[in-house]
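Text of the file my_file.csv, holding CSV, C-alpha atoms:
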chain,number,residue,atom,x,y,z
T,47,MET,CA,0.0,0.0,0.0
T,48,LEU,CA,2.7,2.5,1.0
T,49,GLU,CA,4.8,1.6,-2.1
T,50,TRP,CA,1.8,2.1,-4.3
T,51,LEU,CA,1.1,5.4,-2.6
T,52,ILE,CA,4.7,6.6,-3.2
T,53,GLU,CA,4.9,5.4,-6.8
T,54,GLU,CA,1.5,6.6,-7.9
T,55,ILE,CA,0.9,9.7,-5.8
T,56,PHE,CA,4.0,11.3,-4.4
T,57,ALA,CA,6.4,10.5,-7.2
T,58,LYS,CA,4.1,12.4,-9.6
T,59,TYR,CA,4.1,15.6,-7.6
T,60,ASN,CA,4.6,17.7,-10.8
T,61,TYR,CA,1.0,16.9,-11.8
T,62,TRP,CA,-0.4,17.7,-8.4
T,63,ILE,CA,1.4,21.1,-8.3
T,64,SER,CA,0.2,21.8,-11.8
T,65,ILE,CA,-3.4,21.1,-10.7
T,66,THR,CA,-2.9,23.4,-7.7
T,67,ILE,CA,-1.6,26.3,-9.8
T,68,MET,CA,-4.4,25.7,-12.2
T,69,LEU,CA,-7.0,26.0,-9.5
T,70,ILE,CA,-5.3,29.2,-8.1
T,71,GLY,CA,-5.6,30.8,-11.5
T,72,PHE,CA,-9.2,29.6,-11.9
T,73,TYR,CA,-10.1,31.0,-8.5
T,74,ALA,CA,-8.6,34.4,-9.5
T,75,MET,CA,-10.6,34.4,-12.8
T,76,ILE,CA,-13.9,33.6,-11.1
T,77,ALA,CA,-13.8,35.3,-7.7
T,78,LYS,CA,-11.7,38.4,-8.2
T,79,SER,CA,-13.8,41.4,-9.4
T,80,ASN,CA,-10.9,43.5,-10.8
T,81,LEU,CA,-10.4,42.8,-14.6
T,82,ILE,CA,-6.6,43.0,-14.5
T,83,LYS,CA,-6.6,40.6,-11.6
T,84,LYS,CA,-8.7,38.3,-13.8
T,85,LEU,CA,-6.1,38.5,-16.5
T,86,ILE,CA,-3.3,37.7,-14.1
T,87,GLY,CA,-5.3,34.6,-13.1
T,88,LEU,CA,-5.7,33.7,-16.8
T,89,SER,CA,-1.9,34.0,-17.2
T,90,ILE,CA,-1.3,31.7,-14.2
T,91,PHE,CA,-3.9,29.2,-15.6
T,92,GLN,CA,-2.1,29.1,-18.9
T,93,THR,CA,1.3,28.5,-17.2
T,94,ALA,CA,-0.1,25.6,-15.2
T,95,ILE,CA,-1.1,23.9,-18.4
T,96,PHE,CA,2.4,24.5,-19.8
T,97,LEU,CA,3.8,22.9,-16.7
T,98,PHE,CA,1.5,19.9,-17.2
T,99,PHE,CA,2.8,19.4,-20.8
T,100,ILE,CA,6.5,19.9,-19.9
T,101,SER,CA,6.1,17.4,-17.1
T,102,LEU,CA,4.6,14.9,-19.6
T,103,ALA,CA,7.8,15.3,-21.8
T,104,ASP,CA,10.2,14.8,-18.9
T,105,ILE,CA,11.9,11.6,-17.9
T,106,GLY,CA,12.1,10.8,-14.3
T,107,PRO,CA,15.1,10.9,-12.0
T,108,ILE,CA,16.5,7.5,-13.2
T,109,PRO,CA,17.6,7.5,-16.0
T,110,ARG,CA,18.1,11.2,-16.2
T,111,GLY,CA,17.1,12.8,-19.6
T,112,THR,CA,19.1,15.4,-21.3
T,113,ALA,CA,18.1,18.3,-23.5
T,114,PRO,CA,16.9,17.1,-26.9
T,115,ILE,CA,19.9,18.1,-28.9
T,116,VAL,CA,21.2,14.8,-30.2
T,117,SER,CA,24.7,13.9,-31.4
T,118,GLU,CA,26.2,10.6,-32.4
T,119,ALA,CA,28.4,10.3,-29.3
T,120,MET,CA,25.5,10.8,-26.9
T,121,ILE,CA,23.6,7.8,-28.3
T,122,HIS,CA,26.7,5.6,-28.1
T,123,LYS,CA,27.2,6.5,-24.4
T,124,GLY,CA,23.6,5.5,-23.7
T,125,TYR,CA,22.1,8.9,-22.9
T,126,VAL,CA,18.4,9.4,-23.2
T,127,TYR,CA,16.8,12.7,-24.1
T,128,VAL,CA,13.4,14.2,-23.2
T,129,ASN,CA,10.5,14.1,-25.7
T,130,PRO,CA,10.7,17.3,-27.8
T,131,LEU,CA,7.2,17.2,-29.2
T,132,PRO,CA,5.4,18.8,-26.1
T,133,HIS,CA,8.1,21.5,-26.1
T,134,VAL,CA,7.2,22.5,-29.6
T,135,LEU,CA,3.4,22.5,-28.8
T,136,ILE,CA,4.1,24.7,-25.7
T,137,LEU,CA,6.3,27.1,-27.8
T,138,THR,CA,3.2,27.9,-29.9
T,139,ALA,CA,1.0,28.1,-26.9
T,140,ILE,CA,3.3,30.8,-25.3
T,141,VAL,CA,3.0,32.9,-28.5
T,142,VAL,CA,-0.8,32.5,-28.4
T,143,SER,CA,-0.9,33.5,-24.7
T,144,VAL,CA,0.9,36.8,-25.2
T,145,ALA,CA,-1.4,37.7,-28.2
T,146,THR,CA,-4.4,36.8,-26.0
T,147,LEU,CA,-3.1,39.0,-23.2
T,148,ALA,CA,-2.6,42.0,-25.6
T,149,VAL,CA,-6.1,41.7,-27.0
T,150,ALA,CA,-7.6,41.4,-23.5
T,151,LEU,CA,-5.7,44.4,-22.2
T,152,ALA,CA,-6.9,46.5,-25.2
T,153,LEU,CA,-10.5,45.5,-24.3
T,154,VAL,CA,-9.9,46.4,-20.6
T,155,ILE,CA,-8.6,49.9,-21.5
T,156,ARG,CA,-11.6,50.4,-23.8
T,157,MET,CA,-14.0,49.4,-21.0
T,158,TYR,CA,-12.2,51.8,-18.6
T,159,GLU,CA,-12.8,54.6,-21.1
T,160,GLU,CA,-16.4,53.7,-21.4
T,161,TYR,CA,-17.3,53.1,-17.8
T,162,GLY,CA,-14.6,54.8,-15.7
T,163,THR,CA,-13.9,51.7,-13.7
T,164,ILE,CA,-12.3,48.2,-14.1
T,165,GLU,CA,-14.3,46.5,-11.3
T,166,GLU,CA,-16.7,44.1,-12.8
T,167,GLU,CA,-19.5,44.7,-10.2
T,168,GLU,CA,-19.5,48.4,-10.8
T,169,ILE,CA,-19.6,47.9,-14.6
T,170,ILE,CA,-22.6,45.6,-14.2
T,171,GLU,CA,-24.2,48.2,-11.9
T,172,LYS,CA,-23.7,51.0,-14.5
T,173,GLU,CA,-25.0,48.8,-17.3
T,174,ARG,CA,-28.1,48.2,-15.2
T,175,GLU,CA,-28.6,51.9,-14.6
T,176,LEU,CA,-28.3,52.5,-18.3
T,177,GLY,CA,-31.0,49.8,-18.9
T,178,VAL,CA,-28.9,47.6,-21.1
R,177,MET,CA,-1.7,57.5,-13.8
R,178,ASN,CA,-5.0,59.1,-14.6
R,179,THR,CA,-5.8,59.6,-11.0
R,180,GLY,CA,-2.7,61.8,-10.3
R,181,LYS,CA,-3.2,65.5,-10.4
R,182,SER,CA,-2.0,67.3,-13.5
R,183,GLU,CA,1.2,69.2,-13.3
R,184,THR,CA,2.4,72.1,-15.4
R,185,GLU,CA,3.5,71.3,-19.0
R,186,GLU,CA,7.1,72.4,-18.4
R,187,GLY,CA,7.5,70.2,-15.4
R,188,LYS,CA,6.3,67.2,-17.4
R,189,LYS,CA,8.1,67.8,-20.6
R,190,ARG,CA,11.6,67.0,-19.3
R,191,SER,CA,11.5,65.1,-16.1
R,192,GLY,CA,14.0,62.4,-17.0
R,193,ASP,CA,16.3,60.7,-14.5
R,194,VAL,CA,20.0,61.0,-15.4
R,195,ILE,CA,20.8,57.5,-14.1
R,196,VAL,CA,17.9,55.8,-15.9
R,197,GLU,CA,18.7,57.6,-19.2
R,198,THR,CA,22.4,56.9,-19.1
R,199,ILE,CA,22.0,53.2,-18.1
R,200,SER,CA,19.4,52.6,-20.8
R,201,ARG,CA,21.5,54.4,-23.4
R,202,VAL,CA,24.4,52.0,-22.5
R,203,MET,CA,22.3,48.9,-22.3
R,204,VAL,CA,20.3,49.2,-25.5
R,205,PRO,CA,23.1,48.3,-28.0
R,206,PHE,CA,24.0,45.2,-26.0
R,207,ILE,CA,20.4,44.1,-25.8
R,208,GLN,CA,20.1,44.5,-29.6
R,209,LEU,CA,23.4,42.6,-30.2
R,210,PHE,CA,22.1,39.8,-28.0
R,211,ALA,CA,18.8,39.8,-29.9
R,212,LEU,CA,20.7,39.4,-33.2
R,213,TYR,CA,22.7,36.6,-31.8
R,214,VAL,CA,19.6,34.8,-30.7
R,215,ILE,CA,18.0,35.2,-34.2
R,216,MET,CA,21.1,33.9,-36.0
R,217,HIS,CA,21.5,30.9,-33.7
R,218,GLY,CA,17.9,29.8,-33.9
R,219,SER,CA,18.7,27.0,-36.4
R,220,SER,CA,21.3,25.3,-34.2
R,221,GLY,CA,20.3,25.9,-30.6
R,222,PRO,CA,17.7,27.4,-28.3
R,223,GLY,CA,16.3,30.7,-29.6
R,224,GLY,CA,15.0,31.8,-32.9
R,225,GLY,CA,13.2,34.5,-34.8
R,226,PHE,CA,10.3,34.9,-32.3
R,227,GLN,CA,12.5,35.1,-29.2
R,228,GLY,CA,15.0,37.4,-30.8
R,229,GLY,CA,12.3,39.6,-32.1
R,230,VAL,CA,10.7,39.9,-28.7
R,231,ILE,CA,14.1,40.9,-27.2
R,232,PHE,CA,14.7,43.4,-30.0
R,233,GLY,CA,11.2,44.9,-29.4
R,234,ALA,CA,11.9,45.0,-25.7
R,235,SER,CA,14.9,47.2,-26.3
R,236,PHE,CA,12.7,49.8,-28.0
R,237,VAL,CA,10.2,49.6,-25.2
R,238,LEU,CA,13.1,50.3,-22.7
R,239,LEU,CA,14.2,53.3,-24.8
R,240,VAL,CA,10.7,54.8,-24.9
R,241,ILE,CA,10.1,54.2,-21.2
R,242,ALA,CA,13.4,55.9,-20.3
R,243,PHE,CA,13.1,58.9,-22.6
R,244,GLY,CA,9.4,59.4,-22.7
R,245,ILE,CA,7.0,59.4,-25.7
R,246,VAL,CA,7.9,63.0,-26.7
R,247,ASN,CA,11.6,62.5,-27.1
R,248,ALA,CA,11.9,58.9,-28.2
R,249,GLY,CA,8.4,57.6,-29.1
R,250,ASN,CA,8.0,59.7,-32.2
R,251,ARG,CA,11.1,58.2,-33.7
R,252,PHE,CA,9.1,55.0,-34.2
R,253,PRO,CA,6.1,56.2,-36.2
R,254,GLU,CA,3.2,53.9,-36.9
R,255,ALA,CA,3.7,54.0,-40.6
R,256,VAL,CA,7.3,52.7,-40.3
R,257,ASN,CA,6.3,49.9,-38.0
R,258,THR,CA,3.5,48.9,-40.3
R,259,ALA,CA,6.0,48.8,-43.2
R,260,LEU,CA,8.4,46.7,-41.1
R,261,PHE,CA,5.9,44.1,-40.1
R,262,SER,CA,4.7,43.6,-43.6
R,263,THR,CA,8.3,43.4,-44.8
R,264,GLY,CA,8.9,40.5,-42.5
R,265,VAL,CA,5.9,38.6,-43.8
R,266,TYR,CA,7.1,39.3,-47.4
R,267,ILE,CA,10.6,38.0,-46.6
R,268,TYR,CA,9.1,34.8,-45.2
R,269,ALA,CA,6.7,34.3,-48.1
R,270,GLY,CA,9.3,35.3,-50.7
R,271,VAL,CA,11.9,32.8,-49.5
R,272,GLY,CA,9.3,30.1,-49.5
R,273,LEU,CA,8.2,30.9,-53.0
R,274,LEU,CA,11.9,31.2,-54.2
R,275,CYS,CA,12.4,27.6,-53.2
R,276,ILE,CA,9.6,26.6,-55.6
R,277,ILE,CA,10.8,28.9,-58.4
R,278,CYS,CA,14.5,27.9,-58.1
R,279,SER,CA,13.6,24.2,-58.4
R,280,LEU,CA,11.2,24.9,-61.2
R,281,GLY,CA,8.3,23.5,-59.2
R,282,ALA,CA,9.9,20.3,-58.1
R,283,ALA,CA,10.4,21.2,-54.4
R,284,GLN,CA,7.8,22.1,-51.8
R,285,TYR,CA,7.2,25.5,-50.3
R,286,LEU,CA,10.1,26.4,-47.8
R,287,ASN,CA,12.3,23.5,-49.0
R,288,TYR,CA,15.5,25.4,-48.5
R,289,GLY,CA,17.8,22.9,-50.1
R,290,PHE,CA,16.8,24.0,-53.5
R,291,LEU,CA,17.6,27.7,-53.2
R,292,SER,CA,20.1,28.6,-55.9
R,293,LEU,CA,23.0,29.7,-53.6
R,294,PRO,CA,26.6,28.8,-54.5
R,295,VAL,CA,27.1,26.5,-51.5
R,296,HIS,CA,26.4,22.9,-50.5
R,297,PHE,CA,23.0,21.4,-50.0
R,298,GLU,CA,23.3,21.4,-46.2
R,299,GLU,CA,24.6,24.9,-46.0
R,300,ARG,CA,21.8,26.1,-48.2
R,301,ARG,CA,19.4,24.6,-45.6
R,302,ALA,CA,21.0,26.5,-42.8
R,303,LEU,CA,21.1,29.8,-44.7
R,304,GLY,CA,17.5,29.4,-45.8
R,305,MET,CA,16.5,28.9,-42.2
R,306,ASP,CA,18.4,32.0,-41.2
R,307,PHE,CA,16.6,34.1,-43.8
R,308,ILE,CA,13.2,32.9,-42.5
R,309,GLU,CA,14.3,33.7,-39.0
R,310,ILE,CA,15.3,37.2,-40.0
R,311,GLY,CA,11.8,37.8,-41.5
R,312,VAL,CA,10.1,36.4,-38.4
R,313,GLY,CA,12.3,38.6,-36.2
R,314,ILE,CA,11.5,41.8,-38.0
R,315,THR,CA,7.8,41.2,-37.9
R,316,VAL,CA,7.8,40.3,-34.2
R,317,MET,CA,10.0,43.3,-33.3
R,318,ALA,CA,7.7,45.8,-35.0
R,319,VAL,CA,4.5,44.1,-33.6
R,320,ILE,CA,5.7,44.0,-30.0
R,321,ALA,CA,6.8,47.7,-30.1
R,322,GLU,CA,3.6,48.8,-31.8
R,323,ILE,CA,1.4,46.9,-29.4
R,324,PHE,CA,3.2,48.5,-26.4
R,325,PHE,CA,2.9,52.0,-27.8
R,326,ASN,CA,-0.7,51.6,-28.6
R,327,LEU,CA,-1.5,50.2,-25.1
R,328,ALA,CA,0.4,52.8,-23.2
R,329,TRP,CA,-0.5,56.0,-25.1
R,330,LYS,CA,-3.6,57.4,-26.8
R,331,LYS,CA,-3.2,58.7,-30.4
R,332,GLU,CA,-3.5,62.3,-29.3
R,333,GLU,CA,-1.0,61.9,-26.5
R,334,LYS,CA,1.5,60.3,-28.9
R,335,LYS,CA,1.4,63.4,-31.1
R,336,GLU,CA,1.6,66.2,-28.5
R,337,GLY,CA,3.1,64.1,-25.6
R,338,GLY,CA,0.8,65.1,-22.8
R,339,LYS,CA,2.1,62.3,-20.5
R,340,GLU,CA,5.5,60.9,-19.7
Y,1483,MET,CA,15.0,16.3,-13.4
Y,1484,ILE,CA,16.5,16.4,-9.9
Y,1485,PRO,CA,13.6,16.0,-7.4
Y,1486,SER,CA,14.9,18.2,-4.6
Y,1487,ILE,CA,15.6,21.2,-6.8
Y,1488,ASP,CA,12.3,20.6,-8.6
Y,1489,LEU,CA,10.3,20.6,-5.4
Y,1490,VAL,CA,11.9,23.8,-4.0
Y,1491,LEU,CA,11.3,25.7,-7.2
Y,1492,LEU,CA,7.8,24.4,-7.6
Y,1493,SER,CA,6.8,25.3,-4.0
Y,1494,LEU,CA,8.2,28.8,-4.6
Y,1495,VAL,CA,6.1,29.0,-7.8
Y,1496,VAL,CA,2.9,28.1,-5.8
Y,1497,VAL,CA,3.7,30.7,-3.2
Y,1498,LEU,CA,4.3,33.4,-5.8
Y,1499,ALA,CA,1.1,32.5,-7.6
Y,1500,ILE,CA,-0.9,32.9,-4.4
Y,1501,ALA,CA,0.8,36.2,-3.6
Y,1502,ALA,CA,0.2,37.5,-7.1
Y,1503,ILE,CA,-3.6,37.1,-6.9
Y,1504,THR,CA,-3.8,38.2,-3.2
Y,1505,VAL,CA,-2.0,41.6,-3.1
Y,1506,ARG,CA,-4.3,44.7,-3.5
Y,1507,ASP,CA,-1.7,46.8,-5.3
Y,1508,LEU,CA,-1.9,45.8,-9.0
Y,1509,LEU,CA,1.6,47.0,-9.7
Y,1510,SER,CA,2.9,44.6,-7.1
Y,1511,ALA,CA,0.7,41.9,-8.5
Y,1512,ILE,CA,2.3,42.4,-11.9
Y,1513,MET,CA,5.8,42.4,-10.5
Y,1514,LEU,CA,5.0,39.1,-8.6
Y,1515,LEU,CA,3.7,37.7,-11.9
Y,1516,SER,CA,7.0,38.6,-13.6
Y,1517,ALA,CA,9.0,36.8,-10.8
Y,1518,TYR,CA,6.6,33.9,-11.2
Y,1519,SER,CA,7.4,33.7,-14.9
Y,1520,PHE,CA,11.1,33.7,-14.2
Y,1521,LEU,CA,10.8,30.9,-11.7
Y,1522,MET,CA,8.7,28.9,-14.1
Y,1523,ALA,CA,11.5,29.4,-16.7
Y,1524,MET,CA,14.0,28.0,-14.2
Y,1525,VAL,CA,11.7,25.0,-13.6
Y,1526,TRP,CA,11.8,24.4,-17.3
Y,1527,VAL,CA,15.5,24.6,-17.7
Y,1528,GLU,CA,15.7,22.1,-14.9
Y,1529,MET,CA,13.3,19.9,-16.8
Y,1530,HIS,CA,15.7,20.2,-19.9
Y,1531,SER,CA,13.3,22.1,-22.1
Y,1532,VAL,CA,15.6,25.0,-22.8
Y,1533,ASP,CA,13.7,26.4,-25.8
Y,1534,VAL,CA,10.5,26.8,-23.8
Y,1535,ALA,CA,12.4,28.3,-20.9
Y,1536,PHE,CA,14.0,30.9,-23.2
Y,1537,THR,CA,10.7,31.9,-24.7
Y,1538,GLU,CA,9.1,32.1,-21.3
Y,1539,ALA,CA,11.8,34.3,-20.0
Y,1540,ALA,CA,11.6,36.6,-23.0
Y,1541,VAL,CA,7.8,36.7,-23.4
Y,1542,GLY,CA,6.3,36.0,-20.0
Y,1543,ALA,CA,8.7,38.0,-17.9
Y,1544,GLY,CA,9.5,40.7,-20.5
Y,1545,ALA,CA,6.8,41.5,-23.0
Y,1546,SER,CA,3.7,40.5,-20.9
Y,1547,THR,CA,5.0,42.6,-18.0
Y,1548,ALA,CA,5.5,45.6,-20.2
Y,1549,PHE,CA,2.0,45.2,-21.7
Y,1550,LEU,CA,0.4,44.9,-18.3
Y,1551,ILE,CA,2.2,47.9,-16.9
Y,1552,ALA,CA,1.2,49.9,-20.1
Y,1553,ALA,CA,-2.4,49.0,-19.5
Y,1554,LEU,CA,-2.1,49.9,-15.9
Y,1555,SER,CA,-0.8,53.4,-16.7
Y,1556,ARG,CA,-4.1,54.0,-18.6
Y,1557,THR,CA,-6.4,52.6,-15.9
Y,1558,VAL,CA,-6.3,52.6,-12.1
Y,1559,ARG,CA,-3.6,51.1,-9.9
Y,1560,TRP,CA,-5.5,50.0,-6.8
Y,1561,GLU,CA,-8.0,47.2,-6.6
Y,1562,LYS,CA,-11.1,48.2,-4.7
Y,1563,LYS,CA,-12.5,46.0,-2.0

Here is the file; what I need is its structure written in the form of structure tokens.
Amino acid sequence: MLEWLIEEIFAKYNYWISITIMLIGFYAMIAKSNLIKKLIGLSIFQTAIFLFFISLADIGPIPRGTAPIVSEAMIHKGYVYVNPLPHVLILTAIVVSVATLAVALALVIRMYEEYGTIEEEEIIEKERELGV
Amino acid sequence: MNTGKSETEEGKKRSGDVIVETISRVMVPFIQLFALYVIMHGSSGPGGGFQGGVIFGASFVLLVIAFGIVNAGNRFPEAVNTALFSTGVYIYAGVGLLCIICSLGAAQYLNYGFLSLPVHFEERRALGMDFIEIGVGITVMAVIAEIFFNLAWKKEEKKEGGKE
Amino acid sequence: MIPSIDLVLLSLVVVLAIAAITVRDLLSAIMLLSAYSFLMAMVWVEMHSVDVAFTEAAVGAGASTAFLIAALSRTVRWEKK
């Protein structure tokens, strides 16, 4: 039982921490009323997903993986390298994340010009007063 | 900040810090050199056009933050940035099409080995990859700088420089 | 990966994430997010994905922070309770 616990639960701490960070970001997106705080939560959520993917690519402590730059000598000495496919996926995801952030910030600035506040509850209040 | 009280125009026009201005003036060439290094080593190591372009754009952002939109921001007009980021796209598409044209339609788009350069097949591949990275780098540099300028200042403020 | 270094870095990352969403000053929150991105880049170097770490250090800690601060200079700095 204890061995099973160590092998299946504690040895995979990367995934647990990834889920923890994901929930922190999700909490910020839902519960915080400030729009920029929501975007910070979005950023944290995205990073948690990146952490999940990079953990998938990684090889555990024994045998230790190396960076995926392969040469002939490395293979002869019996080195193993980490899986480069998730790295490439995450590279694209990082580019998308900065573009998303820029668009969202432009929208936040526009909302501030329109309503004079970036608190979500006040914006909803003002919209209700306007009868939208 | 919008919430701060408005000061006089003369006080705001030239309120730069000597230390910040000097340090950024010294740092910017090194940042740009590092960005060029990152772009050119994208084919054989970590780095590439996108990362180098972001670093290059960040050097412009540093310059404009240190010197203010009045003194530095108008050196990067929107028309020039637009021209730059379409130039990058054209470099990318042009090199890709050149591969098809040079091989008379035998090779695929972006198959660098068939570029008609006077070097070996493998070297042509490395060179073609570098051309692509330069195009990507130019586009990303202009886009990052332009996004920052448009987020930080309104159009009118950019012209007359109402805010540091 | 080396589990001890990994655990220390990841627990620091969790602490910084909680701090970034808790502080009331938005400028501090953005700075904490920048530090969080740098620590995440260190985690990825330690997991041997150097390319992703490079991109995260340039984009997450450089460009995103600049964009957030630029947006903050057009809006308000303090989060209301």

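Residues in contact with Gly1544 in chain Y at up to 9 Å, not including ones fewer than 4 positions away on its chain and judged by all atoms listed in the file, are Val230, Ile231 and Ala234 of chain R; Ser1516, Glu1538, Ala1539, Ala1540, Ala1548 and Phe1549 of chain Y.
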
For this session: Find the residues near range 1489-1506 of chain Y: any atom within 9 Å, counting only C-alpha atoms, skip ones fewer than 6 places away on the same chain, and give them as number ranges by chain.
Result: T: 59-60, 63, 66-67, 70-71, 74, 78, 83-84, 86-87, 90; Y: 1512-1515, 1517-1519, 1521-1522, 1524-1525, 1560-1563

For this session: One decimal, Å: what's the distance from CA of Pro107 in chain T over to CA of His1530 in chain Y, could you say?
Result: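 It comes out at 12.2 Å.
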
For this session: Identify every residue of chain R that has at least one atom within 10 Å of any atom of chain Y, counting all atoms listed in the file, and report the result as a list in words.
Result: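 Interface list for chain R against chain Y: Met177, Asn178, Thr179, Gly218, Gly221, Pro222, Gly223, Gly224, Phe226, Gln227, Gly228, Gly229, Val230, Ile231, Gly233, Ala234, Val237, Leu238, Ile241, Ile320, Ala321, Ile323, Phe324, Phe325, Asn326, Leu327, Ala328, Trp329 and Lys330 of chain R.
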
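Here CA of Glu53 in chain T is placed at a distance of 19.1 Å from CA of Ile1487 in chain Y.
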